[in-house]
>>> print(open('upload36.pdb').read())   # PDB, C-alpha atoms
ATOM      1  CA  MET Y   1     -23.032 -13.031   9.122
ATOM      2  CA  LYS Y   2     -24.447  -9.906   7.532
ATOM      3  CA  ARG Y   3     -22.423  -7.690   9.875
ATOM      4  CA  ALA Y   4     -19.272  -9.653   9.087
ATOM      5  CA  LEU Y   5     -19.839  -9.240   5.356
ATOM      6  CA  LEU Y   6     -20.513  -5.526   5.825
ATOM      7  CA  ALA Y   7     -17.316  -5.183   7.856
ATOM      8  CA  ILE Y   8     -15.301  -6.911   5.115
ATOM      9  CA  TRP Y   9     -16.940  -4.713   2.485
ATOM     10  CA  ASP Y  10     -16.150  -1.584   4.512
ATOM     11  CA  PHE Y  11     -12.580  -2.737   5.094
ATOM     12  CA  VAL Y  12     -11.828  -3.520   1.464
ATOM     13  CA  VAL Y  13     -14.041  -1.174  -0.529
ATOM     14  CA  GLY Y  14     -14.854   1.676   1.849
ATOM     15  CA  ASP Y  15     -17.403   4.315   0.934
ATOM     16  CA  ASP Y  16     -16.607   4.591  -2.780
ATOM     17  CA  TRP Y  17     -17.479   1.334  -4.524
ATOM     18  CA  VAL Y  18     -17.162   2.924  -7.972
ATOM     19  CA  THR Y  19     -13.428   3.440  -7.458
ATOM     20  CA  ALA Y  20     -12.975  -0.160  -6.288
ATOM     21  CA  ALA Y  21     -14.963  -1.444  -9.268
ATOM     22  CA  GLY Y  22     -12.949   0.805 -11.578
ATOM     23  CA  VAL Y  23      -9.704  -0.727 -10.320
ATOM     24  CA  VAL Y  24     -11.036  -4.221 -11.048
ATOM     25  CA  VAL Y  25     -12.197  -3.211 -14.538
ATOM     26  CA  ALA Y  26      -8.869  -1.504 -15.292
ATOM     27  CA  GLY Y  27      -6.936  -4.590 -14.190
ATOM     28  CA  ALA Y  28      -9.094  -6.874 -16.309
ATOM     29  CA  ALA Y  29      -8.813  -4.569 -19.329
ATOM     30  CA  THR Y  30      -5.018  -4.408 -18.961
ATOM     31  CA  ALA Y  31      -4.786  -8.198 -18.806
ATOM     32  CA  ALA Y  32      -7.060  -8.516 -21.860
ATOM     33  CA  LEU Y  33      -5.101  -5.988 -23.904
ATOM     34  CA  GLN Y  34      -1.788  -7.522 -22.893
ATOM     35  CA  SER Y  35      -2.921 -11.013 -23.856
ATOM     36  CA  ALA Y  36      -4.026  -9.579 -27.211
ATOM     37  CA  GLY Y  37      -0.491  -8.338 -27.778
ATOM     38  CA  VAL Y  38      -1.152  -4.670 -26.985
ATOM     39  CA  VAL Y  39       1.329  -2.903 -24.691
ATOM     40  CA  ALA Y  40      -0.964  -1.808 -21.853
ATOM     41  CA  TRP Y  41       1.191  -0.909 -18.827
ATOM     42  CA  TRP Y  42      -0.095   2.678 -19.064
ATOM     43  CA  LEU Y  43      -3.770   1.793 -18.664
ATOM     44  CA  ILE Y  44      -3.918   1.299 -14.884
ATOM     45  CA  PRO Y  45      -2.112   4.585 -14.045
ATOM     46  CA  VAL Y  46      -4.459   6.448 -16.373
ATOM     47  CA  ALA Y  47      -7.452   4.698 -14.788
ATOM     48  CA  VAL Y  48      -6.158   5.628 -11.326
ATOM     49  CA  ALA Y  49      -5.918   9.303 -12.349
ATOM     50  CA  VAL Y  50      -9.446   9.269 -13.769
ATOM     51  CA  LEU Y  51     -10.958   7.383 -10.812
ATOM     52  CA  LEU Y  52      -9.320   9.619  -8.210
ATOM     53  CA  THR Y  53     -10.350  12.792 -10.030
ATOM     54  CA  ARG Y  54     -13.919  11.514 -10.405
ATOM     55  CA  SER Y  55     -14.108  10.590  -6.749
ATOM     56  CA  LEU Y  56     -12.917  14.064  -5.680
ATOM     57  CA  ALA Y  57     -14.874  16.071  -8.263
ATOM     58  CA  ARG Y  58     -18.119  15.813  -6.279
ATOM     59  CA  HIS Y  59     -16.444  17.744  -3.436
ATOM     60  CA  ARG Y  60     -15.265  20.606  -5.661
ATOM     61  CA  GLY Y  61     -17.205  23.788  -5.215
ATOM     62  CA  THR Y  62     -18.821  22.709  -1.956
TER
ATOM     63  CA  MET H   1      35.710 -15.536  -4.170
ATOM     64  CA  THR H   2      35.788 -15.777  -7.968
ATOM     65  CA  GLY H   3      34.596 -13.065 -10.317
ATOM     66  CA  SER H   4      31.381 -14.901 -11.118
ATOM     67  CA  GLN H   5      30.680 -15.454  -7.432
ATOM     68  CA  SER H   6      31.237 -11.751  -6.727
ATOM     69  CA  ALA H   7      28.888 -10.847  -9.556
ATOM     70  CA  LEU H   8      26.280 -13.261  -8.193
ATOM     71  CA  ALA H   9      26.555 -11.859  -4.667
ATOM     72  CA  VAL H  10      26.352  -8.233  -5.808
ATOM     73  CA  SER H  11      23.440  -8.917  -8.166
ATOM     74  CA  VAL H  12      21.417 -10.778  -5.546
ATOM     75  CA  PHE H  13      22.258  -8.176  -2.892
ATOM     76  CA  LEU H  14      21.062  -5.286  -5.066
ATOM     77  CA  ALA H  15      17.927  -7.070  -6.294
ATOM     78  CA  CYS H  16      16.965  -8.156  -2.784
ATOM     79  CA  THR H  17      17.700  -4.692  -1.406
ATOM     80  CA  VAL H  18      15.123  -3.274  -3.815
ATOM     81  CA  GLU H  19      12.504  -5.824  -2.722
ATOM     82  CA  ALA H  20      13.296  -5.327   0.972
ATOM     83  CA  VAL H  21      13.070  -1.544   0.649
ATOM     84  CA  GLU H  22       9.628  -1.921  -0.941
ATOM     85  CA  ALA H  23       8.443  -4.064   1.993
ATOM     86  CA  LEU H  24      10.074  -1.721   4.506
ATOM     87  CA  THR H  25       8.388   1.318   2.962
ATOM     88  CA  ILE H  26       4.972  -0.245   3.401
ATOM     89  CA  VAL H  27       5.647  -1.389   6.976
ATOM     90  CA  LEU H  28       7.009   2.029   7.966
ATOM     91  CA  ALA H  29       4.017   3.705   6.353
ATOM     92  CA  VAL H  30       1.326   1.739   8.179
ATOM     93  CA  GLY H  31       3.354   1.522  11.378
ATOM     94  CA  THR H  32       3.880   5.272  11.595
ATOM     95  CA  THR H  33       0.334   6.274  10.719
ATOM     96  CA  ARG H  34      -1.732   3.424  12.177
ATOM     97  CA  SER H  35      -0.249   1.060  14.739
ATOM     98  CA  TRP H  36       3.318  -0.117  15.177
ATOM     99  CA  ARG H  37       2.220  -3.124  17.197
ATOM    100  CA  SER H  38      -0.237  -4.297  14.540
ATOM    101  CA  ALA H  39       2.213  -3.613  11.719
ATOM    102  CA  LEU H  40       4.927  -5.611  13.466
ATOM    103  CA  TYR H  41       2.471  -8.457  14.103
ATOM    104  CA  GLY H  42       1.774  -8.337  10.368
ATOM    105  CA  VAL H  43       5.508  -8.513   9.653
ATOM    106  CA  GLY H  44       5.865 -11.483  12.003
ATOM    107  CA  ALA H  45       2.910 -13.288  10.450
ATOM    108  CA  GLY H  46       4.238 -12.529   6.965
ATOM    109  CA  VAL H  47       7.709 -13.885   7.790
ATOM    110  CA  LEU H  48       6.137 -16.971   9.387
ATOM    111  CA  ALA H  49       3.900 -17.614   6.378
ATOM    112  CA  LEU H  50       6.893 -17.093   4.094
ATOM    113  CA  ALA H  51       8.990 -19.557   6.094
ATOM    114  CA  VAL H  52       6.203 -22.166   5.963
ATOM    115  CA  VAL H  53       5.765 -21.719   2.203
ATOM    116  CA  VAL H  54       9.505 -21.909   1.489
ATOM    117  CA  ALA H  55      10.030 -24.864   3.839
ATOM    118  CA  ALA H  56       7.049 -26.742   2.401
ATOM    119  CA  LEU H  57       7.785 -26.121  -1.246
ATOM    120  CA  GLY H  58      11.566 -25.818  -1.288
ATOM    121  CA  PRO H  59      12.838 -25.181  -4.793
ATOM    122  CA  ALA H  60       9.259 -25.598  -6.061
ATOM    123  CA  VAL H  61       8.486 -22.202  -4.540
ATOM    124  CA  SER H  62       9.412 -20.726  -7.902
ATOM    125  CA  SER H  63       6.326 -22.424  -9.382
ATOM    126  CA  ILE H  64       3.968 -20.243  -7.300
ATOM    127  CA  PRO H  65       1.968 -18.061  -9.698
ATOM    128  CA  ILE H  66       3.529 -14.752  -8.712
ATOM    129  CA  GLY H  67       1.357 -12.963 -11.262
ATOM    130  CA  ALA H  68      -1.861 -13.998  -9.487
ATOM    131  CA  LEU H  69      -0.360 -12.989  -6.150
ATOM    132  CA  ARG H  70       0.609  -9.594  -7.522
ATOM    133  CA  VAL H  71      -2.876  -9.032  -8.962
ATOM    134  CA  SER H  72      -4.593  -9.797  -5.655
ATOM    135  CA  VAL H  73      -2.115  -7.936  -3.432
ATOM    136  CA  GLY H  74      -1.700  -5.063  -5.882
ATOM    137  CA  GLY H  75      -5.434  -4.716  -6.461
ATOM    138  CA  LEU H  76      -6.245  -4.621  -2.748
ATOM    139  CA  LEU H  77      -3.367  -2.252  -2.043
ATOM    140  CA  LEU H  78      -4.531   0.073  -4.807
ATOM    141  CA  VAL H  79      -8.126   0.114  -3.529
ATOM    142  CA  PHE H  80      -6.874   0.790   0.023
ATOM    143  CA  GLY H  81      -4.379   3.360  -1.218
ATOM    144  CA  LEU H  82      -6.930   5.304  -3.236
ATOM    145  CA  GLN H  83      -9.197   5.528  -0.170
ATOM    146  CA  TRP H  84      -6.300   6.953   1.814
ATOM    147  CA  LEU H  85      -5.184   9.305  -0.928
ATOM    148  CA  ARG H  86      -8.695  10.663  -1.518
ATOM    149  CA  LYS H  87      -9.125  11.469   2.173
ATOM    150  CA  ALA H  88      -5.605  12.928   2.369
ATOM    151  CA  VAL H  89      -6.294  15.210  -0.609
ATOM    152  CA  LEU H  90      -9.585  16.322   0.970
ATOM    153  CA  ARG H  91      -7.799  17.077   4.268
ATOM    154  CA  ALA H  92      -5.043  19.011   2.528
ATOM    155  CA  SER H  93      -7.568  21.038   0.554
ATOM    156  CA  GLY H  94      -9.561  21.938   3.688
ATOM    157  CA  LEU H  95     -12.653  19.968   2.709
ATOM    158  CA  LYS H  96     -12.255  17.431   5.475
ATOM    159  CA  ALA H  97     -11.337  18.012   9.102
ATOM    160  CA  LEU H  98      -7.684  17.269   9.841
ATOM    161  CA  HIS H  99      -8.515  15.215  12.895
ATOM    162  CA  ASP H 100     -11.788  13.711  11.777
ATOM    163  CA  GLU H 101     -10.877  10.288  13.150
ATOM    164  CA  GLU H 102     -10.588  11.694  16.658
ATOM    165  CA  ALA H 103     -14.017  13.281  16.248
ATOM    166  CA  ILE H 104     -15.458  10.014  14.973
ATOM    167  CA  PHE H 105     -13.857   8.120  17.853
ATOM    168  CA  ALA H 106     -15.279  10.558  20.400
ATOM    169  CA  ARG H 107     -18.741  10.267  18.850
ATOM    170  CA  GLU H 108     -18.569   6.472  18.735
ATOM    171  CA  ALA H 109     -17.387   6.319  22.337
ATOM    172  CA  GLU H 110     -20.315   8.501  23.336
ATOM    173  CA  LEU H 111     -22.697   6.283  21.377
ATOM    174  CA  ALA H 112     -21.235   3.196  23.022
ATOM    175  CA  ARG H 113     -21.671   4.733  26.483
ATOM    176  CA  SER H 114     -25.287   5.541  25.663
ATOM    177  CA  GLY H 115     -25.928   2.023  24.365
ATOM    178  CA  GLY H 116     -26.152   2.974  20.700
ATOM    179  CA  THR H 117     -24.368   1.357  17.808
ATOM    180  CA  GLY H 118     -21.756   3.104  15.736
ATOM    181  CA  ALA H 119     -21.294   3.502  12.046
ATOM    182  CA  SER H 120     -19.147   0.948  10.291
ATOM    183  CA  GLY H 121     -16.750   3.604   9.087
ATOM    184  CA  SER H 122     -15.350   4.141  12.552
ATOM    185  CA  ALA H 123     -13.780   0.735  12.851
ATOM    186  CA  SER H 124     -10.304   1.925  11.949
ATOM    187  CA  ALA H 125     -10.422   4.887  14.271
ATOM    188  CA  THR H 126     -11.508   2.707  17.140
ATOM    189  CA  ALA H 127      -8.935   0.066  16.341
ATOM    190  CA  SER H 128      -6.088   2.540  16.391
ATOM    191  CA  ARG H 129      -6.892   3.489  19.966
ATOM    192  CA  SER H 130      -7.886   0.181  21.473
ATOM    193  CA  PRO H 131      -5.492  -2.533  22.599
ATOM    194  CA  SER H 132      -6.878  -4.884  19.918
ATOM    195  CA  ILE H 133      -5.186  -5.438  16.587
ATOM    196  CA  ASP H 134      -5.656  -2.852  13.850
ATOM    197  CA  GLY H 135      -6.670  -5.160  11.007
ATOM    198  CA  TYR H 136      -5.720  -2.624   8.348
ATOM    199  CA  ALA H 137      -2.128  -2.190   9.551
ATOM    200  CA  PHE H 138      -1.769  -5.937  10.116
ATOM    201  CA  ALA H 139      -3.098  -6.919   6.684
ATOM    202  CA  ILE H 140      -1.080  -4.354   4.729
ATOM    203  CA  ALA H 141       2.175  -5.235   6.507
ATOM    204  CA  PHE H 142       1.483  -8.972   6.176
ATOM    205  CA  LYS H 143       0.788  -8.803   2.445
ATOM    206  CA  GLY H 144       3.749  -6.544   1.744
ATOM    207  CA  VAL H 145       6.203  -8.763   3.617
ATOM    208  CA  LEU H 146       4.814 -11.991   2.132
ATOM    209  CA  LEU H 147       4.836 -10.745  -1.459
ATOM    210  CA  GLU H 148       8.270  -9.124  -1.289
ATOM    211  CA  GLY H 149       9.624 -12.065   0.690
ATOM    212  CA  LEU H 150       8.471 -14.456  -2.029
ATOM    213  CA  GLU H 151      10.156 -12.252  -4.612
ATOM    214  CA  VAL H 152      13.384 -12.420  -2.588
ATOM    215  CA  ALA H 153      13.038 -16.215  -2.523
ATOM    216  CA  PHE H 154      12.544 -16.247  -6.306
ATOM    217  CA  ILE H 155      15.637 -14.095  -6.801
ATOM    218  CA  VAL H 156      17.755 -16.361  -4.606
ATOM    219  CA  LEU H 157      16.539 -19.495  -6.381
ATOM    220  CA  THR H 158      16.791 -18.184  -9.935
ATOM    221  CA  PHE H 159      20.141 -16.419  -9.565
ATOM    222  CA  GLY H 160      21.566 -19.117  -7.281
ATOM    223  CA  THR H 161      20.444 -22.043  -9.395
ATOM    224  CA  ASN H 162      21.746 -20.391 -12.542
ATOM    225  CA  GLN H 163      25.208 -19.977 -10.983
ATOM    226  CA  HIS H 164      25.029 -23.313  -9.066
ATOM    227  CA  ASP H 165      25.535 -21.503  -5.760
ATOM    228  CA  VAL H 166      22.226 -21.099  -3.937
ATOM    229  CA  GLY H 167      24.039 -20.803  -0.603
ATOM    230  CA  LEU H 168      25.948 -17.694  -1.663
ATOM    231  CA  ALA H 169      22.799 -16.173  -3.153
ATOM    232  CA  ALA H 170      20.924 -16.828   0.092
ATOM    233  CA  ALA H 171      23.720 -15.230   2.117
ATOM    234  CA  ALA H 172      23.722 -12.141  -0.102
ATOM    235  CA  ALA H 173      19.939 -11.884   0.248
ATOM    236  CA  ALA H 174      20.170 -12.210   4.034
ATOM    237  CA  VAL H 175      22.753  -9.407   4.190
ATOM    238  CA  ALA H 176      20.511  -7.204   2.018
ATOM    239  CA  VAL H 177      17.492  -7.783   4.278
ATOM    240  CA  ILE H 178      19.538  -7.117   7.439
ATOM    241  CA  VAL H 179      20.952  -3.870   6.008
ATOM    242  CA  VAL H 180      17.464  -2.659   5.046
ATOM    243  CA  VAL H 181      15.956  -3.604   8.431
ATOM    244  CA  VAL H 182      18.752  -1.727  10.255
ATOM    245  CA  ALA H 183      18.143   1.295   8.020
ATOM    246  CA  GLY H 184      14.418   1.054   8.781
ATOM    247  CA  VAL H 185      15.020   1.082  12.544
ATOM    248  CA  ALA H 186      17.270   4.115  12.076
ATOM    249  CA  VAL H 187      14.694   6.172  10.169
ATOM    250  CA  ARG H 188      11.754   5.211  12.387
ATOM    251  CA  ALA H 189      12.355   7.953  14.969
ATOM    252  CA  PRO H 190      12.762  10.821  12.442
ATOM    253  CA  LEU H 191       9.597   9.643  10.671
ATOM    254  CA  ALA H 192       7.633   9.923  13.912
ATOM    255  CA  ARG H 193       8.309  13.693  13.919
ATOM    256  CA  VAL H 194       6.660  14.215  10.538
ATOM    257  CA  PRO H 195       3.211  15.843  10.974
ATOM    258  CA  GLU H 196       0.450  13.222  11.059
ATOM    259  CA  ASN H 197      -1.509  14.478   8.081
ATOM    260  CA  THR H 198       1.613  14.926   5.962
ATOM    261  CA  MET H 199       2.495  11.339   6.757
ATOM    262  CA  LYS H 200      -0.995  10.162   5.824
ATOM    263  CA  PHE H 201      -0.702  12.013   2.518
ATOM    264  CA  VAL H 202       2.629  10.323   1.804
ATOM    265  CA  VAL H 203       1.237   6.925   2.800
ATOM    266  CA  GLY H 204      -1.693   7.387   0.423
ATOM    267  CA  VAL H 205       0.757   8.188  -2.376
ATOM    268  CA  LEU H 206       2.969   5.182  -1.526
ATOM    269  CA  LEU H 207       0.137   2.635  -1.223
ATOM    270  CA  SER H 208      -1.456   3.855  -4.461
ATOM    271  CA  SER H 209       1.900   3.766  -6.265
ATOM    272  CA  PHE H 210       2.849   0.270  -5.114
ATOM    273  CA  GLY H 211      -0.681  -0.953  -5.809
ATOM    274  CA  THR H 212      -0.557   0.504  -9.319
ATOM    275  CA  PHE H 213       2.851  -1.071  -9.919
ATOM    276  CA  TRP H 214       2.008  -4.560  -8.650
ATOM    277  CA  LEU H 215      -1.430  -4.745 -10.237
ATOM    278  CA  THR H 216       0.033  -3.768 -13.604
ATOM    279  CA  GLU H 217       2.855  -6.302 -13.324
ATOM    280  CA  GLY H 218       0.419  -8.986 -12.175
ATOM    281  CA  THR H 219      -1.780  -8.590 -15.241
ATOM    282  CA  GLY H 220       1.186  -9.502 -17.448
ATOM    283  CA  ALA H 221       2.064  -5.960 -18.485
ATOM    284  CA  HIS H 222       5.532  -4.704 -17.631
ATOM    285  CA  TRP H 223       6.607  -1.254 -16.561
ATOM    286  CA  PRO H 224       9.414   0.226 -18.642
ATOM    287  CA  GLY H 225      12.519  -0.133 -16.516
ATOM    288  CA  GLY H 226      10.966  -2.678 -14.134
ATOM    289  CA  ASP H 227      11.284  -1.801 -10.426
ATOM    290  CA  ALA H 228      13.158   1.400 -11.349
ATOM    291  CA  SER H 229       9.896   2.801 -12.720
ATOM    292  CA  LEU H 230       8.784   3.231  -9.093
ATOM    293  CA  LEU H 231      11.284   6.089  -8.908
ATOM    294  CA  ALA H 232       9.124   7.928 -11.441
ATOM    295  CA  LEU H 233       5.736   6.496 -10.448
ATOM    296  CA  ILE H 234       5.875   7.568  -6.775
ATOM    297  CA  PRO H 235       6.838  11.224  -7.422
ATOM    298  CA  GLY H 236       4.369  11.304 -10.304
ATOM    299  CA  MET H 237       1.555  10.106  -8.042
ATOM    300  CA  GLY H 238       2.594  12.666  -5.434
ATOM    301  CA  LEU H 239       2.605  15.544  -7.901
ATOM    302  CA  PHE H 240      -0.780  14.480  -9.247
ATOM    303  CA  ALA H 241      -2.218  14.423  -5.722
ATOM    304  CA  ILE H 242      -0.779  17.890  -5.014
ATOM    305  CA  ALA H 243      -2.328  19.146  -8.265
ATOM    306  CA  LEU H 244      -5.684  17.738  -7.135
ATOM    307  CA  VAL H 245      -5.357  19.631  -3.847
ATOM    308  CA  ALA H 246      -4.780  22.883  -5.778
ATOM    309  CA  TRP H 247      -7.705  22.084  -8.073
ATOM    310  CA  LEU H 248     -10.044  21.493  -5.121
ATOM    311  CA  ARG H 249      -8.862  24.632  -3.341
ATOM    312  CA  ALA H 250      -9.444  26.689  -6.482
ATOM    313  CA  GLY H 251     -13.017  25.476  -6.705
ATOM    314  CA  ALA H 252     -13.776  25.630  -3.011
ATOM    315  CA  ALA H 253     -16.319  27.910  -1.375
ATOM    316  CA  PRO H 254     -14.991  30.803   0.782
ATOM    317  CA  ALA H 255     -12.335  29.505   3.113
ATOM    318  CA  ARG H 256     -13.488  28.435   6.539
ATOM    319  CA  VAL H 257     -11.887  29.554   9.759
ATOM    320  CA  PRO H 258      -9.094  27.182  10.852
ATOM    321  CA  GLY H 259     -10.370  24.857  13.551
ATOM    322  CA  SER H 260     -13.994  25.234  12.534
ATOM    323  CA  PRO H 261     -16.097  22.170  11.623
ATOM    324  CA  PRO H 262     -15.460  20.655   8.200
ATOM    325  CA  LEU H 263     -17.412  22.022   5.288
ATOM    326  CA  GLU H 264     -18.611  18.596   4.404
ATOM    327  CA  ARG H 265     -18.822  15.358   6.291
ATOM    328  CA  VAL H 266     -16.797  12.742   4.448
ATOM    329  CA  PRO H 267     -17.074   9.185   5.813
TER
END
>>> encode(input="upload36.pdb", output="structure tokens")
Amino acid sequence: MKRALLAIWDFVVGDDWVTAAGVVVAGAATAALQSAGVVAWWLIPVAVAVLLTRSLARHRGT
Amino acid sequence: MTGSQSALAVSVFLACTVEAVEALTIVLAVGTTRSWRSALYGVGAGVLALAVVVAALGPAVSSIPIGALRVSVGGLLLVFGLQWLRKAVLRASGLKALHDEEAIFAREAELARSGGTGASGSASATASRSPSIDGYAFAIAFKGVLLEGLEVAFIVLTFGTNQHDVGLAAAAAAVAVIVVVVAGVAVRAPLARVPENTMKFVVGVLLSSFGTFWLTEGTGAHWPGGDASLLALIPGMGLFAIALVAWLRAGAAPARVPGSPPLERVP
């Protein structure tokens, strides 16, 4: 059971859970802003840029 | 054929062509870089699931919460896509070995021979070389075909019902899908000649772009220009990834000799 759950986690999330969590948070924030009447289509692309840069920044200068 | 019927046929054809091209792009991407067999199994399973859903629900298929489907499919695709794109950027910048998966596979095979157990991260590498199904390629192709297929069904029902000619709308949609599938078969061979790591880079860009698009649409927000925004989103994502490669190269330690071990082990 534990191995199955780990396999699913590895398949979906991979080795960078912060990026996966960031995608979820960005989606939820977009939905919340949109339901509040704020035009929020730009939020997820911006979040993607930030998350990808953050994920790669730790490799810069190595 | 009357003017309104012609307009209906052309509208449905164009709209369904867009949806079919989106599904085709995803299938070609995972098929070329991962496993054609698994991707085609995913397509078959997606078409089967779509047929079951449409047959079971009939006209009620339009009541399926497409927003929730887009959030789940888009969110997963974006998480997958960002994993791919990150590794592709690291490969292109020289911070990750170009053929790391082959090295991982060789190490895992050696571990298996010696009775050890491998790391979880090697599952995809192993899957791509074994006769079993590559779950990644299967799942991505399945989700892409099912989601886009449902959107085609929605288009046929909404346009067709509005014009009281669902049969003509369905025929136009079928022609659109056939044209796109034929085009896909035609471009498959040229795609196979694209260097592997270039293809992986492009796939990372495509999966991230489609994931970004669908997740945004699923949350209730709408891209300016609708599906046409993909024509800006995909190149934009590609240019951003290329800029990240340049940024990493600029900050990298002295360049390593080509063919030498990677500077850093990235899972």
>>> closest_atom_pairs(input="upload36.pdb", of="range 22-51 of chain Y", to="range 63-78 of chain H", cutoff="9 Å", atoms="only C-alpha atoms", output="JSON lines")
{"residue": "Y:Val23", "atom": "CA", "partner": "H:Gly75", "partner_atom": "CA", "distance": 7.0}
{"residue": "Y:Val24", "atom": "CA", "partner": "H:Gly75", "partner_atom": "CA", "distance": 7.3}
{"residue": "Y:Gly27", "atom": "CA", "partner": "H:Gly75", "partner_atom": "CA", "distance": 7.9}
{"residue": "Y:Val48", "atom": "CA", "partner": "H:Leu78", "partner_atom": "CA", "distance": 8.7}
>>> atom_distance(input="upload36.pdb", atom1="CA of Val145 in chain H", atom2="CA of Gly46 in chain H")
5.4 Å
>>> residues_around(input="upload36.pdb", residues="Leu233 in chain H", least_positions_apart="4", cutoff="7 Å", atoms="all atoms listed in the file", output="compact mmCIF listing (two decimals) with C-alpha atoms, in the frame of the given file")
# COMPACT_ATOMS: atom_id res chain seq x y z
CA SER H 209 1.90 3.77 -6.26
CA SER H 229 9.90 2.80 -12.72
CA MET H 237 1.56 10.11 -8.04
>>> resolve_selection(input="upload36.pdb", expression="the PyMOL selection byres ((chain Y and resi 39) around 12)", output="ChimeraX atom specification")
/Y:29-38,40-44 /H:216-217,219-224
>>> interface_residues(input="upload36.pdb", of="chain H", to="chain Y", cutoff="10 Å", atoms="all atoms listed in the file", output="PyMOL selection string")
chain H and resi 71+74-80+82-83+85-87+89-90+93+95-96+120-124+135-136+208-209+211-213+215-224+233+237+240-241+244-245+247-254+263-264+266-267
>>> atom_distance(input="upload36.pdb", atom1="CA of Val25 in chain Y", atom2="CA of Trp84 in chain H")
20.1 Å
>>> atom_distance(input="upload36.pdb", atom1="CA of Phe138 in chain H", atom2="CA of Lys200 in chain H")
16.7 Å
>>> axis_aligned_box(input="upload36.pdb", around="range 163-169 of chain H", padding_each_side="4 Å", output="AutoDock Vina command-line options")
--center_x 24.1 --center_y -19.7 --center_z -5.8 --size_x 11.7 --size_y 15.1 --size_z 18.4
>>> residues_around(input="upload36.pdb", residues="Ala7 in chain H", least_positions_apart="3", cutoff="12 Å", atoms="all atoms listed in the file", output="MDAnalysis selection string")
chainID H and resid 1:4 10:14 159:160 163 165 168:169 172
>>> closest_residue(input="upload36.pdb", among="H:Gly44, H:Gly31, H:Val180, H:Gly58", to="Val166 in chain H", atoms="all atoms listed in the file")
H:Gly58
